[in-house]
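To start, the structure itself, in structure tokens.
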Amino acid sequence: MKKILLALFAFGLMQVNAESVNVNYGVRFGVLGELGTASVSLNESGKNYTIDIKAKTTGVVRVMSGNRTERHISRGHIVGGKYISDSYSVHIAHGNKIKDKLYTIDHKAKRVTKRIIKKEDGKIVSDSSEKLDFYSPNDLLSIYMNVPKMITPSEEISKTYRFKAVGAENQDGSIEIFVPSLSQLPKYKKELGDRSKWYFKAIINQPIFASKRGEFMIAMDENGVTQKAVLQDLLLFGDLVAIKK
């Protein structure tokens with residue numbers, strides 16, 4: 001069930017011109033109905049920021065996953081309007097198990113340290129640390145917040161951007177953003193609606209349901225808030241759709 005929540009996080013990110021904002025999303029999957037919800041908050045204080053995402057499964061998925069919940073937090077500073085991550089944490093709970101992943105980013109040494117703590121019934125069963133084999137000033141939350149600042153809108157020729165993100169080490173730290181050409185835009189607008197400013201595809205290079213690469217079509221409004229995202233044509237059940245509430 002962790003792939004369901006991963007999908008929620010891929011959708012629920014935005015870049016907005018505000019010191020504080022809260023956005024809620026729901027995710028539906030064909031005949032299965034709603035699978036989960038996510039709340040996204042952004043708070044800025046001077047040159048510092050905090051992005052906080054809380055996600056939970058709902059309905060039958062909630063029962064099957066042991067009431068799985070996740071919380072992702074990115075903390076860092078702002079330089080030239082971009083969010084530079086200093087730390088990224090992931091808290092996962094289901095049943096009697098808890099897993100915490102804590103990333104610390106040393107920009108001066110260009111080094112990222114990852115610590116994983118696992119608990120069962122409130123007791124620590126493992127505690128390990130390692131250094132990642134890559135460095136990035138972005139984590140999985142800040143990278144999507146920064147997308148509108150790092151890509152250009154659709155033009156005559158499509159473009160593919162590749163970025164590194166802390167937290168994406170399962171795919172060698174790589175995230176791909178595909179911006180369709182003007183001739184490809186009608187397909188995106190048909191699927192996502194025609195009132196958004198930004199249309200692109202985020203490729204997380206992980207299998208989600210029957211999608212081998214995890215390719216999400218995403219629409220953002222003029223303020224950079226994700227309005228809708230779709231993981232298309234999945235086996236048996238149709239599309240996985242996330243919509244801003």
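All residue names refer to the structure tokens as shown: chains lettered A, B, ... in order, residues numbered from 1 in each chain, ligands numbered from 1 in order.
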Non-local contacts of Arg111 (chain A) (8 Å; only C-alpha atoms; under 4 positions in same chain excluded) as a PyMOL selection string: chain A and resi 105-107+131-132+134-135
Residue subset to file, keeping all heavy atoms, as a short mmCIF file (atom, residue, chain, number, x, y, z; two decimals), in the first residue's frame:
```
data_model
loop_
_atom_site.label_atom_id
_atom_site.label_comp_id
_atom_site.auth_asym_id
_atom_site.auth_seq_id
_atom_site.Cartn_x
_atom_site.Cartn_y
_atom_site.Cartn_z
N ILE A 105 21.33 17.34 5.18
CA ILE A 105 22.06 17.78 3.99
C ILE A 105 23.11 18.81 4.38
O ILE A 105 22.78 19.88 4.91
CB ILE A 105 21.09 18.38 2.94
CG1 ILE A 105 20.00 17.36 2.59
CG2 ILE A 105 21.85 18.81 1.69
CD1 ILE A 105 18.92 17.91 1.69
N ASP A 106 24.37 18.48 4.14
CA ASP A 106 25.49 19.38 4.41
C ASP A 106 25.89 20.02 3.08
O ASP A 106 26.56 19.40 2.26
CB ASP A 106 26.65 18.58 5.00
CG ASP A 106 27.83 19.45 5.42
OD1 ASP A 106 27.97 20.57 4.86
OD2 ASP A 106 28.60 19.03 6.29
N HIS A 107 25.47 21.26 2.88
CA HIS A 107 25.72 21.92 1.60
C HIS A 107 27.20 22.27 1.41
O HIS A 107 27.71 22.25 0.29
CB HIS A 107 24.86 23.19 1.49
CG HIS A 107 23.39 22.90 1.54
ND1 HIS A 107 22.73 22.26 0.52
CD2 HIS A 107 22.47 23.16 2.50
CE1 HIS A 107 21.44 22.15 0.85
NE2 HIS A 107 21.27 22.68 2.04
N LYS A 131 25.87 7.33 4.36
CA LYS A 131 26.04 8.51 3.51
C LYS A 131 25.57 8.15 2.11
O LYS A 131 25.95 7.11 1.57
CB LYS A 131 27.50 8.96 3.48
CG LYS A 131 28.01 9.48 4.82
CD LYS A 131 29.47 9.87 4.73
CE LYS A 131 29.98 10.35 6.09
NZ LYS A 131 31.43 10.71 6.02
N LEU A 132 24.74 9.00 1.53
CA LEU A 132 24.27 8.75 0.17
C LEU A 132 25.40 8.99 -0.81
O LEU A 132 26.33 9.76 -0.54
CB LEU A 132 23.09 9.67 -0.16
CG LEU A 132 21.83 9.53 0.71
CD1 LEU A 132 20.70 10.36 0.12
CD2 LEU A 132 21.39 8.08 0.84
N PHE A 134 25.21 10.52 -3.55
CA PHE A 134 24.99 11.72 -4.34
C PHE A 134 24.57 12.86 -3.42
O PHE A 134 24.12 12.63 -2.30
CB PHE A 134 23.93 11.49 -5.43
CG PHE A 134 22.52 11.36 -4.89
CD1 PHE A 134 21.68 12.47 -4.77
CD2 PHE A 134 22.03 10.12 -4.49
CE1 PHE A 134 20.40 12.35 -4.28
CE2 PHE A 134 20.75 9.99 -4.00
CZ PHE A 134 19.93 11.10 -3.89
N TYR A 135 24.71 14.08 -3.93
CA TYR A 135 24.29 15.28 -3.19
C TYR A 135 23.29 16.06 -4.02
O TYR A 135 23.37 16.10 -5.25
CB TYR A 135 25.51 16.17 -2.90
CG TYR A 135 25.14 17.62 -2.61
CD1 TYR A 135 24.72 18.01 -1.35
CD2 TYR A 135 25.20 18.57 -3.63
CE1 TYR A 135 24.37 19.34 -1.09
CE2 TYR A 135 24.86 19.90 -3.38
CZ TYR A 135 24.43 20.28 -2.12
OH TYR A 135 24.07 21.57 -1.88
#
```
Residue list (alpha helix (DSSP H), DSSP) for region 24-172 of chain A, as a VMD selection string: chain A and resid 59 to 64 142 to 150
Residues within 6 Å of region 166-180 of chain A, only C-alpha atoms, excluding chain neighbours under 3 positions, as an MDAnalysis selection string: chainID A and resid 139:140 154 158:163 184 200:204
Please write the residues from the selection above to a file, keeping N, CA and C atoms, as a compact mmCIF listing (two decimals), in the first residue's frame.
```txt
# COMPACT_ATOMS: atom_id res chain seq x y z
N ASP A 139 15.07 18.02 -1.95
CA ASP A 139 14.54 16.73 -1.54
C ASP A 139 13.26 16.48 -2.33
N LEU A 140 12.55 15.39 -2.03
CA LEU A 140 11.38 15.02 -2.81
C LEU A 140 10.23 16.03 -2.70
N SER A 154 5.35 25.06 -22.18
CA SER A 154 5.40 24.35 -23.47
C SER A 154 5.79 25.28 -24.61
N SER A 158 9.19 19.62 -27.35
CA SER A 158 9.09 19.10 -25.99
C SER A 158 10.46 19.05 -25.33
N LYS A 159 10.49 19.08 -24.00
CA LYS A 159 11.75 19.05 -23.27
C LYS A 159 11.66 18.09 -22.10
N THR A 160 12.79 17.44 -21.79
CA THR A 160 12.89 16.58 -20.63
C THR A 160 13.98 17.11 -19.70
N TYR A 161 13.61 17.34 -18.45
CA TYR A 161 14.55 17.83 -17.45
C TYR A 161 14.83 16.69 -16.45
N ARG A 162 16.06 16.60 -15.99
CA ARG A 162 16.43 15.60 -15.00
C ARG A 162 17.06 16.28 -13.79
N PHE A 163 16.55 15.93 -12.63
CA PHE A 163 17.03 16.52 -11.39
C PHE A 163 17.35 15.43 -10.37
N GLN A 184 1.44 18.75 -28.40
CA GLN A 184 1.04 17.69 -27.48
C GLN A 184 0.12 18.20 -26.37
N PHE A 200 2.72 19.30 -17.32
CA PHE A 200 3.94 18.53 -17.48
C PHE A 200 3.73 17.11 -16.94
N LYS A 201 4.72 16.28 -17.16
CA LYS A 201 4.68 14.90 -16.68
C LYS A 201 5.85 14.70 -15.73
N ALA A 202 5.56 14.20 -14.53
CA ALA A 202 6.60 13.87 -13.56
C ALA A 202 6.83 12.37 -13.59
N ILE A 203 8.08 11.97 -13.78
CA ILE A 203 8.43 10.55 -13.88
C ILE A 203 9.32 10.19 -12.69
N ILE A 204 8.80 9.35 -11.79
CA ILE A 204 9.54 9.04 -10.58
C ILE A 204 10.32 7.74 -10.68
```
Atomic distance CA of Lys97 (chain A) - CA of Lys54 (chain A), expressed in Å with one decimal: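 One can read the CA of Lys97 (chain A) to CA of Lys54 (chain A) distance as 17.4 Å.
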Closest of A:Ile124, A:Ala55, A:Ala38, A:Val79 to His91 (chain A) - atom-to-atom distances counting only C-alpha atoms: A:Ala55
